[in-house]
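Text of work15.pdb (PDB, C-alpha atoms) as supplied:
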MODEL        1
ATOM      1  CA  MET A1022      22.545-357.663  64.897
ATOM      2  CA  GLN A1023      22.886-354.051  65.969
ATOM      3  CA  HIS A1024      19.942-351.905  64.934
ATOM      4  CA  GLY A1025      20.394-348.847  62.749
ATOM      5  CA  THR A1026      19.262-345.310  63.556
ATOM      6  CA  LEU A1027      16.990-342.640  62.092
ATOM      7  CA  ILE A1028      19.238-339.679  61.252
ATOM      8  CA  LEU A1029      17.685-336.220  60.832
ATOM      9  CA  PHE A1030      19.651-334.361  58.149
ATOM     10  CA  PRO A1031      19.237-330.567  57.870
ATOM     11  CA  VAL A1032      19.148-329.233  54.311
ATOM     12  CA  GLY A1033      20.630-325.908  53.210
ATOM     13  CA  LEU A1034      18.364-322.902  52.701
ATOM     14  CA  GLY A1035      20.205-322.007  49.503
ATOM     15  CA  GLY A1036      23.690-320.898  48.605
ATOM     16  CA  ASP A1037      26.930-322.646  49.544
ATOM     17  CA  LEU A1038      26.320-325.792  51.604
ATOM     18  CA  SER A1039      29.796-325.604  53.141
ATOM     19  CA  ALA A1040      28.735-322.411  54.921
ATOM     20  CA  CYS A1041      25.916-324.072  56.836
ATOM     21  CA  LEU A1042      26.409-327.855  56.998
ATOM     22  CA  PRO A1043      29.205-329.521  58.996
ATOM     23  CA  GLU A1044      31.456-332.058  57.298
ATOM     24  CA  TYR A1045      30.229-334.609  59.861
ATOM     25  CA  ASN A1046      26.746-334.413  58.312
ATOM     26  CA  ARG A1047      28.155-335.232  54.893
ATOM     27  CA  GLN A1048      30.002-338.224  56.287
ATOM     28  CA  LEU A1049      26.828-339.567  57.887
ATOM     29  CA  LEU A1050      24.921-339.144  54.624
ATOM     30  CA  ASN A1051      27.123-341.849  53.188
ATOM     31  CA  THR A1052      26.066-344.319  55.900
ATOM     32  CA  CYS A1053      22.527-344.256  54.490
ATOM     33  CA  THR A1054      21.158-345.873  51.361
ATOM     34  CA  THR A1055      17.528-345.146  52.292
ATOM     35  CA  PHE A1056      16.002-341.709  52.781
ATOM     36  CA  ILE A1057      12.587-340.413  53.788
ATOM     37  CA  VAL A1058      12.040-337.210  51.821
ATOM     38  CA  GLU A1059       9.433-334.560  51.239
ATOM     39  CA  GLU A1060      10.084-334.263  47.501
ATOM     40  CA  LEU A1061      12.173-336.621  45.361
ATOM     41  CA  ARG A1062      13.699-334.132  42.947
ATOM     42  CA  THR A1063      14.788-331.747  45.708
ATOM     43  CA  ALA A1064      16.259-334.603  47.747
ATOM     44  CA  ARG A1065      18.275-335.962  44.839
ATOM     45  CA  ARG A1066      19.592-332.483  44.059
ATOM     46  CA  PHE A1067      20.655-331.969  47.681
ATOM     47  CA  LEU A1068      22.421-335.332  47.901
ATOM     48  CA  LYS A1069      24.371-334.651  44.718
ATOM     49  CA  LYS A1070      25.386-331.204  45.941
ATOM     50  CA  ALA A1071      26.392-332.606  49.346
ATOM     51  CA  GLY A1072      28.759-335.142  47.759
ATOM     52  CA  TYR A1073      26.692-338.266  48.398
ATOM     53  CA  LEU A1074      28.674-341.226  47.059
ATOM     54  CA  THR A1075      26.051-343.955  46.562
ATOM     55  CA  PRO A1076      24.575-343.933  43.034
ATOM     56  CA  ILE A1077      21.081-342.469  43.097
ATOM     57  CA  ASP A1078      19.734-345.545  41.279
ATOM     58  CA  ASP A1079      20.970-347.682  44.181
ATOM     59  CA  THR A1080      19.307-345.436  46.772
ATOM     60  CA  THR A1081      15.797-346.017  48.132
ATOM     61  CA  PHE A1082      13.496-343.033  48.637
ATOM     62  CA  TYR A1083      10.214-342.905  50.555
ATOM     63  CA  VAL A1084       8.038-339.819  50.142
ATOM     64  CA  LEU A1085       6.560-338.183  53.243
ATOM     65  CA  ASN A1086       4.711-334.918  52.676
ATOM     66  CA  GLU A1087       1.626-333.093  53.901
ATOM     67  CA  HIS A1088      -0.602-335.490  51.952
ATOM     68  CA  THR A1089       0.902-338.683  53.402
ATOM     69  CA  GLN A1090      -1.217-340.690  55.837
ATOM     70  CA  GLN A1091       0.245-342.385  58.917
ATOM     71  CA  SER A1092      -0.836-345.785  57.584
ATOM     72  CA  GLU A1093       1.292-345.261  54.467
ATOM     73  CA  ILE A1094       4.581-344.970  56.353
ATOM     74  CA  GLU A1095       4.424-348.051  58.582
ATOM     75  CA  HIS A1096       7.120-349.846  56.548
ATOM     76  CA  TYR A1097       9.427-346.843  56.038
ATOM     77  CA  LEU A1098      11.639-347.747  59.003
ATOM     78  CA  ASP A1099      11.799-351.507  58.426
ATOM     79  CA  GLY A1100      15.454-351.385  57.366
ATOM     80  CA  ILE A1101      16.519-350.116  60.795
ATOM     81  CA  SER A1102      15.826-353.518  62.366
ATOM     82  CA  GLU A1103      18.259-354.956  59.794
ATOM     83  CA  GLY A1104      21.038-352.663  61.000
ATOM     84  CA  LYS A1105      20.619-349.953  58.360
ATOM     85  CA  ASN A1106      20.690-346.211  59.005
ATOM     86  CA  ILE A1107      17.831-344.283  57.431
ATOM     87  CA  GLY A1108      18.038-340.557  56.708
ATOM     88  CA  LEU A1109      15.197-338.057  56.993
ATOM     89  CA  LEU A1110      15.447-334.959  54.781
ATOM     90  CA  SER A1111      13.374-331.780  54.878
ATOM     91  CA  GLU A1112      12.848-329.556  51.846
ATOM     92  CA  ALA A1113      14.985-326.902  53.534
ATOM     93  CA  GLY A1114      16.253-326.246  57.021
ATOM     94  CA  LEU A1115      15.640-328.606  59.922
ATOM     95  CA  PRO A1116      13.601-331.817  59.600
ATOM     96  CA  CYS A1117      10.380-331.914  61.622
ATOM     97  CA  VAL A1118      10.299-328.135  62.247
ATOM     98  CA  ALA A1119       7.416-326.775  60.159
ATOM     99  CA  ASP A1120       7.898-330.047  58.284
ATOM    100  CA  PRO A1121       5.873-333.294  57.945
ATOM    101  CA  GLY A1122       8.880-335.451  58.868
ATOM    102  CA  ALA A1123       7.691-335.444  62.471
ATOM    103  CA  MET A1124       5.390-338.349  61.546
ATOM    104  CA  ALA A1125       8.410-340.593  60.926
ATOM    105  CA  VAL A1126      10.140-339.483  64.116
ATOM    106  CA  ARG A1127       6.980-340.091  66.137
ATOM    107  CA  MET A1128       6.862-343.626  64.770
ATOM    108  CA  ALA A1129      10.557-344.151  65.573
ATOM    109  CA  GLN A1130      10.034-342.998  69.149
ATOM    110  CA  LYS A1131       7.020-345.284  69.480
ATOM    111  CA  HIS A1132       9.103-348.295  68.447
ATOM    112  CA  GLY A1133      12.156-347.421  70.518
ATOM    113  CA  ILE A1134      14.331-346.534  67.517
ATOM    114  CA  GLU A1135      17.285-344.234  68.182
ATOM    115  CA  VAL A1136      16.803-340.791  66.614
ATOM    116  CA  VAL A1137      19.906-338.729  65.801
ATOM    117  CA  PRO A1138      19.305-334.977  65.198
ATOM    118  CA  LEU A1139      22.108-333.104  63.426
ATOM    119  CA  VAL A1140      23.200-329.474  63.465
ATOM    120  CA  GLY A1141      22.163-327.318  60.511
ATOM    121  CA  PRO A1142      20.426-324.126  59.375
ATOM    122  CA  SER A1143      17.024-323.079  60.682
ATOM    123  CA  SER A1144      15.465-319.996  59.100
ATOM    124  CA  LEU A1145      13.288-319.548  62.198
ATOM    125  CA  MET A1146      16.149-319.512  64.694
ATOM    126  CA  MET A1147      18.468-317.524  62.422
ATOM    127  CA  ALA A1148      15.763-314.893  61.978
ATOM    128  CA  LEU A1149      15.238-314.712  65.742
ATOM    129  CA  MET A1150      18.995-314.428  66.321
ATOM    130  CA  ALA A1151      19.308-311.525  63.894
ATOM    131  CA  SER A1152      16.119-309.695  64.928
ATOM    132  CA  GLY A1153      17.241-308.422  68.321
ATOM    133  CA  PHE A1154      13.887-309.599  69.694
ATOM    134  CA  ASN A1155      13.250-311.559  72.883
ATOM    135  CA  GLY A1156      14.978-314.919  72.553
ATOM    136  CA  GLN A1157      14.034-316.021  76.080
ATOM    137  CA  ASN A1158      10.322-316.210  75.380
ATOM    138  CA  PHE A1159       9.101-316.827  71.841
ATOM    139  CA  ALA A1160       6.542-318.848  69.894
ATOM    140  CA  PHE A1161       6.508-320.198  66.358
ATOM    141  CA  VAL A1162       2.908-320.170  65.154
ATOM    142  CA  GLY A1163       3.255-321.543  61.625
ATOM    143  CA  TYR A1164       1.241-319.951  58.812
ATOM    144  CA  LEU A1165      -1.427-317.261  59.029
ATOM    145  CA  PRO A1166      -4.964-318.015  57.802
ATOM    146  CA  ILE A1167      -5.534-317.423  54.082
ATOM    147  CA  ASP A1168      -8.877-315.613  54.455
ATOM    148  CA  LYS A1169      -8.120-311.891  54.902
ATOM    149  CA  PRO A1170     -10.509-311.189  57.817
ATOM    150  CA  GLU A1171      -9.096-314.242  59.600
ATOM    151  CA  ARG A1172      -5.529-313.114  58.817
ATOM    152  CA  ILE A1173      -6.225-309.719  60.358
ATOM    153  CA  LYS A1174      -7.763-311.348  63.411
ATOM    154  CA  ALA A1175      -4.743-313.650  63.769
ATOM    155  CA  ILE A1176      -2.254-310.788  63.467
ATOM    156  CA  LYS A1177      -4.048-308.764  66.134
ATOM    157  CA  ALA A1178      -4.061-311.813  68.411
ATOM    158  CA  LEU A1179      -0.301-312.314  67.903
ATOM    159  CA  GLU A1180       0.349-308.647  68.567
ATOM    160  CA  ASN A1181      -1.712-308.878  71.751
ATOM    161  CA  ARG A1182       0.340-311.866  72.938
ATOM    162  CA  ALA A1183       3.563-310.042  72.139
ATOM    163  CA  TYR A1184       2.516-307.141  74.385
ATOM    164  CA  HIS A1185       0.877-309.037  77.225
ATOM    165  CA  GLU A1186       3.280-311.973  77.463
ATOM    166  CA  ASN A1187       6.472-310.225  76.317
ATOM    167  CA  GLN A1188       6.740-313.069  73.816
ATOM    168  CA  THR A1189       8.224-312.812  70.335
ATOM    169  CA  GLN A1190       5.782-314.163  67.735
ATOM    170  CA  ILE A1191       7.321-315.936  64.726
ATOM    171  CA  PHE A1192       5.463-317.032  61.615
ATOM    172  CA  ILE A1193       6.109-317.849  57.980
ATOM    173  CA  GLU A1194       4.247-317.419  54.716
ATOM    174  CA  THR A1195       4.343-318.928  51.271
ATOM    175  CA  PRO A1196       6.591-316.705  49.100
ATOM    176  CA  TYR A1197       3.770-315.415  46.922
ATOM    177  CA  ARG A1198       2.065-313.931  50.010
ATOM    178  CA  SER A1199       5.185-312.304  51.497
ATOM    179  CA  GLN A1200       4.577-308.868  50.015
ATOM    180  CA  GLN A1201       0.928-308.612  51.020
ATOM    181  CA  THR A1202       1.844-309.842  54.496
ATOM    182  CA  ILE A1203       4.297-307.028  55.284
ATOM    183  CA  GLU A1204       1.827-304.533  53.809
ATOM    184  CA  LEU A1205      -0.909-305.902  56.066
ATOM    185  CA  LEU A1206       1.340-305.939  59.140
ATOM    186  CA  SER A1207       2.439-302.358  58.636
ATOM    187  CA  ASN A1208      -1.151-301.181  58.258
ATOM    188  CA  ILE A1209      -2.958-302.950  61.080
ATOM    189  CA  CYS A1210      -0.326-303.235  63.817
ATOM    190  CA  ASN A1211       0.206-300.537  66.434
ATOM    191  CA  PRO A1212       2.619-297.980  64.903
ATOM    192  CA  GLN A1213       5.187-298.737  67.637
ATOM    193  CA  THR A1214       4.971-302.533  67.336
ATOM    194  CA  MET A1215       8.298-303.974  66.269
ATOM    195  CA  ILE A1216       8.330-306.144  63.144
ATOM    196  CA  CYS A1217      11.269-308.078  61.754
ATOM    197  CA  VAL A1218      11.367-309.163  58.120
ATOM    198  CA  ALA A1219      13.950-311.885  57.435
ATOM    199  CA  THR A1220      14.141-312.777  53.747
ATOM    200  CA  ASP A1221      16.249-315.274  51.776
ATOM    201  CA  ILE A1222      18.374-316.222  54.778
ATOM    202  CA  THR A1223      21.883-317.500  53.826
ATOM    203  CA  LEU A1224      21.472-316.348  50.214
ATOM    204  CA  GLU A1225      23.496-313.555  48.604
ATOM    205  CA  ASN A1226      20.447-311.263  48.599
ATOM    206  CA  GLN A1227      19.637-311.924  52.274
ATOM    207  CA  PHE A1228      17.636-309.116  53.891
ATOM    208  CA  ILE A1229      16.972-308.907  57.646
ATOM    209  CA  LYS A1230      15.548-305.728  59.168
ATOM    210  CA  SER A1231      13.768-304.912  62.451
ATOM    211  CA  ALA A1232      11.742-301.721  62.671
ATOM    212  CA  THR A1233       8.418-300.327  63.875
ATOM    213  CA  ALA A1234       5.203-300.856  61.942
ATOM    214  CA  ALA A1235       5.183-297.111  61.280
ATOM    215  CA  TRP A1236       8.643-297.325  59.696
ATOM    216  CA  TRP A1237       7.689-300.292  57.533
ATOM    217  CA  LYS A1238       4.593-298.469  56.302
ATOM    218  CA  LYS A1239       6.869-295.851  54.724
ATOM    219  CA  HIS A1240       9.670-298.215  53.656
ATOM    220  CA  LEU A1241       7.978-301.293  52.222
ATOM    221  CA  PRO A1242      10.590-303.766  50.924
ATOM    222  CA  ASP A1243      10.254-305.726  47.711
ATOM    223  CA  ILE A1244       9.909-309.279  49.035
ATOM    224  CA  ALA A1245       7.392-310.581  46.498
ATOM    225  CA  LYS A1246       7.889-314.309  45.876
ATOM    226  CA  ARG A1247      10.800-314.465  48.336
ATOM    227  CA  ASN A1248      11.051-316.861  51.297
ATOM    228  CA  THR A1249      10.431-314.755  54.397
ATOM    229  CA  VAL A1250      10.156-315.211  58.149
ATOM    230  CA  PHE A1251       8.159-312.585  60.065
ATOM    231  CA  LEU A1252       8.562-311.709  63.741
ATOM    232  CA  ILE A1253       6.488-309.419  65.979
ATOM    233  CA  GLU A1254       7.554-307.953  69.322
ATOM    234  CA  SER A1255       6.131-305.320  71.632
TER     235      SER A1255
ENDMDL
END
Represent the supplied structure as structure tokens.
Amino acid sequence: MQHGTLILFPVGLGGDLSACLPEYNRQLLNTCTTFIVEELRTARRFLKKAGYLTPIDDTTFYVLNEHTQQSEIEHYLDGISEGKNIGLLSEAGLPCVADPGAMAVRMAQKHGIEVVPLVGPSSLMMALMASGFNGQNFAFVGYLPIDKPERIKAIKALENRAYHENQTQIFIETPYRSQQTIELLSNICNPQTMICVATDITLENQFIKSATAAWWKKHLPDIAKRNTVFLIES
């Protein structure tokens, strides 16, 4: 019997799925009756919106989030040896990029299972594309520390790397810290340091702007509780 594959399905960032997901992805969704997901409700909503044909009650879901232990997922890929395709869904954007799904892919690679990545939206790459910053040398550094002194220290370290390595620094924040983050950046960065704020990418109220820290200090945007990617460049 031919083995199945682990298919990595990108999920829209919001708005019209047809604008960011190829029809091929939708076709492959319907080859899966088992999905590894970060959150059940979000996954079911995405599948319905994407035109998934199998009844949800006949679909198997395994949860894989930041609280999941490696030992808990050992059986998640069992169906692949029976010839079944299994889909991996992120909450938004690309699976395994700032996403716990990498645990499942690591296990698939360990066991020689074919992994199929699909094209789809990535807020990180779309923000970099639209920023005008260095796309030849960049680093995604995840989230900043929560403790304010540590956040300030981390920002100064990122700014230092941007200047000394000519490397664009990319990071994200939980929406409820977006506003305080741009305020902090504009106050502690060198006035000439370039900062890009990329908010609600692909949504109708999308906002992407690159400017100096000095400019941001005088033109603070209202990004409270909005999904935002931040970029720093020298």
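The space between atom CA of Thr1195 of chain A and atom CA of Leu1027 of chain A spans 29.0 Å.
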* To do: Using the chain letters and numbers from the file, give me the residues hit by the PyMOL selection byres ((chain A and resi 1223) around 8), as a list in words.
  => Leu1034, Gly1035, Gly1036, Asp1221, Ile1222, Leu1224, Glu1225 and Gln1227 of chain A
Output of the PyMOL selection byres ((chain A and resi 1105-1116) around 7), listed as a CSV table (one decimal) with C-alpha atoms, in the coordinates of the input:
chain,number,residue,atom,x,y,z
A,1024,HIS,CA,19.9,-351.9,64.9
A,1025,GLY,CA,20.4,-348.8,62.7
A,1026,THR,CA,19.3,-345.3,63.6
A,1027,LEU,CA,17.0,-342.6,62.1
A,1028,ILE,CA,19.2,-339.7,61.3
A,1029,LEU,CA,17.7,-336.2,60.8
A,1030,PHE,CA,19.7,-334.4,58.1
A,1031,PRO,CA,19.2,-330.6,57.9
A,1032,VAL,CA,19.1,-329.2,54.3
A,1033,GLY,CA,20.6,-325.9,53.2
A,1034,LEU,CA,18.4,-322.9,52.7
A,1052,THR,CA,26.1,-344.3,55.9
A,1053,CYS,CA,22.5,-344.3,54.5
A,1055,THR,CA,17.5,-345.1,52.3
A,1056,PHE,CA,16.0,-341.7,52.8
A,1057,ILE,CA,12.6,-340.4,53.8
A,1058,VAL,CA,12.0,-337.2,51.8
A,1059,GLU,CA,9.4,-334.6,51.2
A,1060,GLU,CA,10.1,-334.3,47.5
A,1063,THR,CA,14.8,-331.7,45.7
A,1100,GLY,CA,15.5,-351.4,57.4
A,1101,ILE,CA,16.5,-350.1,60.8
A,1103,GLU,CA,18.3,-355.0,59.8
A,1104,GLY,CA,21.0,-352.7,61.0
A,1117,CYS,CA,10.4,-331.9,61.6
A,1118,VAL,CA,10.3,-328.1,62.2
A,1120,ASP,CA,7.9,-330.0,58.3
A,1122,GLY,CA,8.9,-335.5,58.9
A,1141,GLY,CA,22.2,-327.3,60.5
A,1142,PRO,CA,20.4,-324.1,59.4
A,1143,SER,CA,17.0,-323.1,60.7
A,1144,SER,CA,15.5,-320.0,59.1
With all atoms listed in the file counted, which protein, DNA or RNA residues have an atom no more than 10 Å from (-0.1, -311.0, 55.2) in the file frame? Please answer as a PDB file with C-alpha atoms, keeping the file's coordinate frame.
ATOM      1  CA  TYR A1164       1.241-319.951  58.812  1.00  0.00           C
ATOM      2  CA  LEU A1165      -1.427-317.261  59.029  1.00  0.00           C
ATOM      3  CA  PRO A1166      -4.964-318.015  57.802  1.00  0.00           C
ATOM      4  CA  ILE A1167      -5.534-317.423  54.082  1.00  0.00           C
ATOM      5  CA  ASP A1168      -8.877-315.613  54.455  1.00  0.00           C
ATOM      6  CA  LYS A1169      -8.120-311.891  54.902  1.00  0.00           C
ATOM      7  CA  ARG A1172      -5.529-313.114  58.817  1.00  0.00           C
ATOM      8  CA  ILE A1173      -6.225-309.719  60.358  1.00  0.00           C
ATOM      9  CA  ILE A1176      -2.254-310.788  63.467  1.00  0.00           C
ATOM     10  CA  ILE A1193       6.109-317.849  57.980  1.00  0.00           C
ATOM     11  CA  GLU A1194       4.247-317.419  54.716  1.00  0.00           C
ATOM     12  CA  THR A1195       4.343-318.928  51.271  1.00  0.00           C
ATOM     13  CA  ARG A1198       2.065-313.931  50.010  1.00  0.00           C
ATOM     14  CA  SER A1199       5.185-312.304  51.497  1.00  0.00           C
ATOM     15  CA  GLN A1200       4.577-308.868  50.015  1.00  0.00           C
ATOM     16  CA  GLN A1201       0.928-308.612  51.020  1.00  0.00           C
ATOM     17  CA  THR A1202       1.844-309.842  54.496  1.00  0.00           C
ATOM     18  CA  ILE A1203       4.297-307.028  55.284  1.00  0.00           C
ATOM     19  CA  GLU A1204       1.827-304.533  53.809  1.00  0.00           C
ATOM     20  CA  LEU A1205      -0.909-305.902  56.066  1.00  0.00           C
ATOM     21  CA  LEU A1206       1.340-305.939  59.140  1.00  0.00           C
ATOM     22  CA  SER A1207       2.439-302.358  58.636  1.00  0.00           C
ATOM     23  CA  PHE A1251       8.159-312.585  60.065  1.00  0.00           C
TER      24      PHE A1251
END
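Between atom CA of Val1126 of chain A and atom CA of Glu1095 of chain A the interatomic distance comes to 11.7 Å.
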* Atomic distance atom CA of Lys1131 of chain A - atom CA of His1096 of chain A, expressed in Å with one decimal -> 13.7 Å
* From A:Leu1049, A:Ile1094, A:Ala1040, A:Ile1191, residue lying nearest Met1150 of chain A [only C-alpha atoms] ->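 Closest residue, counting only C-alpha atoms: A:Ile1191.
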* To do: Evaluate the PyMOL selection byres ((chain A and resi 1154-1158) around 6) on the structure here and hand back the selected residues as a PyMOL selection string.
  => chain A and resi 1152-1153+1159+1188-1189
* Asked: Which of these, A:Ser1092, A:Gln1213, A:Ser1039, A:Gln1130, has the shortest distance to Ala1234 of chain A once you count all atoms listed in the file?
  ->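 Under the stated criterion, the closest residue is A:Gln1213.
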* Structure fact -> If you count all atoms listed in the file, the residue of A:Leu1061, A:Leu1050, A:Ile1229, A:Ile1253 closest to Thr1075 of chain A turns out to be A:Leu1050
* Please identify all polymer residues within 10 Å of Ser1255 of chain A, counting all atoms listed in the file, omitting same-chain residues fewer than 2 positions from it, and present them as a PyMOL selection string. => chain A and resi 1154-1155+1180-1190+1211+1213-1216+1233+1253
* Asked: Which residue gives the smallest distance to Asn1046 of chain A among A:Leu1068, A:Leu1139, A:Ala1235, A:Leu1074, with all atoms listed in the file counted?
  ->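 Among the listed residues, A:Leu1139 lies closest to Asn1046 of chain A.
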Mind rebuilding segment 1212-1241 of chain A with N, CA and C atoms and writing that out as a tab-separated table (two decimals), keeping the file's coordinate frame?
chain	number	residue	atom	x	y	z
A	1212	PRO	N	1.46	-298.61	65.56
A	1212	PRO	CA	2.62	-297.98	64.90
A	1212	PRO	C	3.95	-298.27	65.59
A	1213	GLN	N	3.95	-298.50	66.91
A	1213	GLN	CA	5.19	-298.74	67.64
A	1213	GLN	C	5.54	-300.23	67.77
A	1214	THR	N	4.68	-301.10	67.29
A	1214	THR	CA	4.97	-302.53	67.34
A	1214	THR	C	6.19	-302.83	66.47
A	1215	MET	N	7.10	-303.61	67.01
A	1215	MET	CA	8.30	-303.97	66.27
A	1215	MET	C	8.03	-305.18	65.37
A	1216	ILE	N	8.49	-305.08	64.13
A	1216	ILE	CA	8.33	-306.14	63.14
A	1216	ILE	C	9.69	-306.42	62.52
A	1217	CYS	N	10.04	-307.69	62.45
A	1217	CYS	CA	11.27	-308.08	61.75
A	1217	CYS	C	10.89	-308.83	60.49
A	1218	VAL	N	11.53	-308.48	59.39
A	1218	VAL	CA	11.37	-309.16	58.12
A	1218	VAL	C	12.71	-309.82	57.79
A	1219	ALA	N	12.72	-311.14	57.71
A	1219	ALA	CA	13.95	-311.88	57.44
A	1219	ALA	C	13.75	-312.69	56.15
A	1220	THR	N	14.39	-312.25	55.09
A	1220	THR	CA	14.14	-312.78	53.75
A	1220	THR	C	15.38	-313.43	53.15
A	1221	ASP	N	15.17	-314.57	52.50
A	1221	ASP	CA	16.25	-315.27	51.78
A	1221	ASP	C	17.49	-315.47	52.65
A	1222	ILE	N	17.28	-316.01	53.83
A	1222	ILE	CA	18.37	-316.22	54.78
A	1222	ILE	C	19.41	-317.18	54.19
A	1223	THR	N	20.66	-316.81	54.31
A	1223	THR	CA	21.88	-317.50	53.83
A	1223	THR	C	22.14	-317.28	52.34
A	1224	LEU	N	21.23	-316.63	51.62
A	1224	LEU	CA	21.47	-316.35	50.21
A	1224	LEU	C	22.22	-315.03	50.05
A	1225	GLU	N	22.73	-314.79	48.86
A	1225	GLU	CA	23.50	-313.56	48.60
A	1225	GLU	C	22.63	-312.31	48.78
A	1226	ASN	N	21.34	-312.42	48.48
A	1226	ASN	CA	20.45	-311.26	48.60
A	1226	ASN	C	19.67	-311.27	49.92
A	1227	GLN	N	20.26	-311.89	50.95
A	1227	GLN	CA	19.64	-311.92	52.27
A	1227	GLN	C	19.29	-310.52	52.75
A	1228	PHE	N	18.10	-310.40	53.35
A	1228	PHE	CA	17.64	-309.12	53.89
A	1228	PHE	C	16.99	-309.37	55.24
A	1229	ILE	N	17.53	-308.77	56.30
A	1229	ILE	CA	16.97	-308.91	57.65
A	1229	ILE	C	16.92	-307.52	58.28
A	1230	LYS	N	15.72	-307.08	58.63
A	1230	LYS	CA	15.55	-305.73	59.17
A	1230	LYS	C	14.46	-305.72	60.24
A	1231	SER	N	14.76	-305.09	61.38
A	1231	SER	CA	13.77	-304.91	62.45
A	1231	SER	C	13.44	-303.43	62.57
A	1232	ALA	N	12.16	-303.12	62.58
A	1232	ALA	CA	11.74	-301.72	62.67
A	1232	ALA	C	10.28	-301.68	63.12
A	1233	THR	N	9.81	-300.48	63.45
A	1233	THR	CA	8.42	-300.33	63.88
A	1233	THR	C	7.47	-300.47	62.69
A	1234	ALA	N	6.22	-300.77	63.00
A	1234	ALA	CA	5.20	-300.86	61.94
A	1234	ALA	C	5.10	-299.53	61.19
A	1235	ALA	N	5.24	-298.42	61.92
A	1235	ALA	CA	5.18	-297.11	61.28
A	1235	ALA	C	6.31	-296.95	60.27
A	1236	TRP	N	7.51	-297.43	60.62
A	1236	TRP	CA	8.64	-297.32	59.70
A	1236	TRP	C	8.41	-298.18	58.46
A	1237	TRP	N	7.92	-299.41	58.67
A	1237	TRP	CA	7.69	-300.29	57.53
A	1237	TRP	C	6.64	-299.72	56.59
A	1238	LYS	N	5.66	-299.02	57.14
A	1238	LYS	CA	4.59	-298.47	56.30
A	1238	LYS	C	5.15	-297.49	55.28
A	1239	LYS	N	6.25	-296.83	55.63
A	1239	LYS	CA	6.87	-295.85	54.72
A	1239	LYS	C	8.04	-296.42	53.94
A	1240	HIS	N	8.49	-297.63	54.30
A	1240	HIS	CA	9.67	-298.21	53.66
A	1240	HIS	C	9.40	-299.68	53.29
A	1241	LEU	N	8.32	-299.92	52.57
A	1241	LEU	CA	7.98	-301.29	52.22
A	1241	LEU	C	9.06	-301.92	51.34
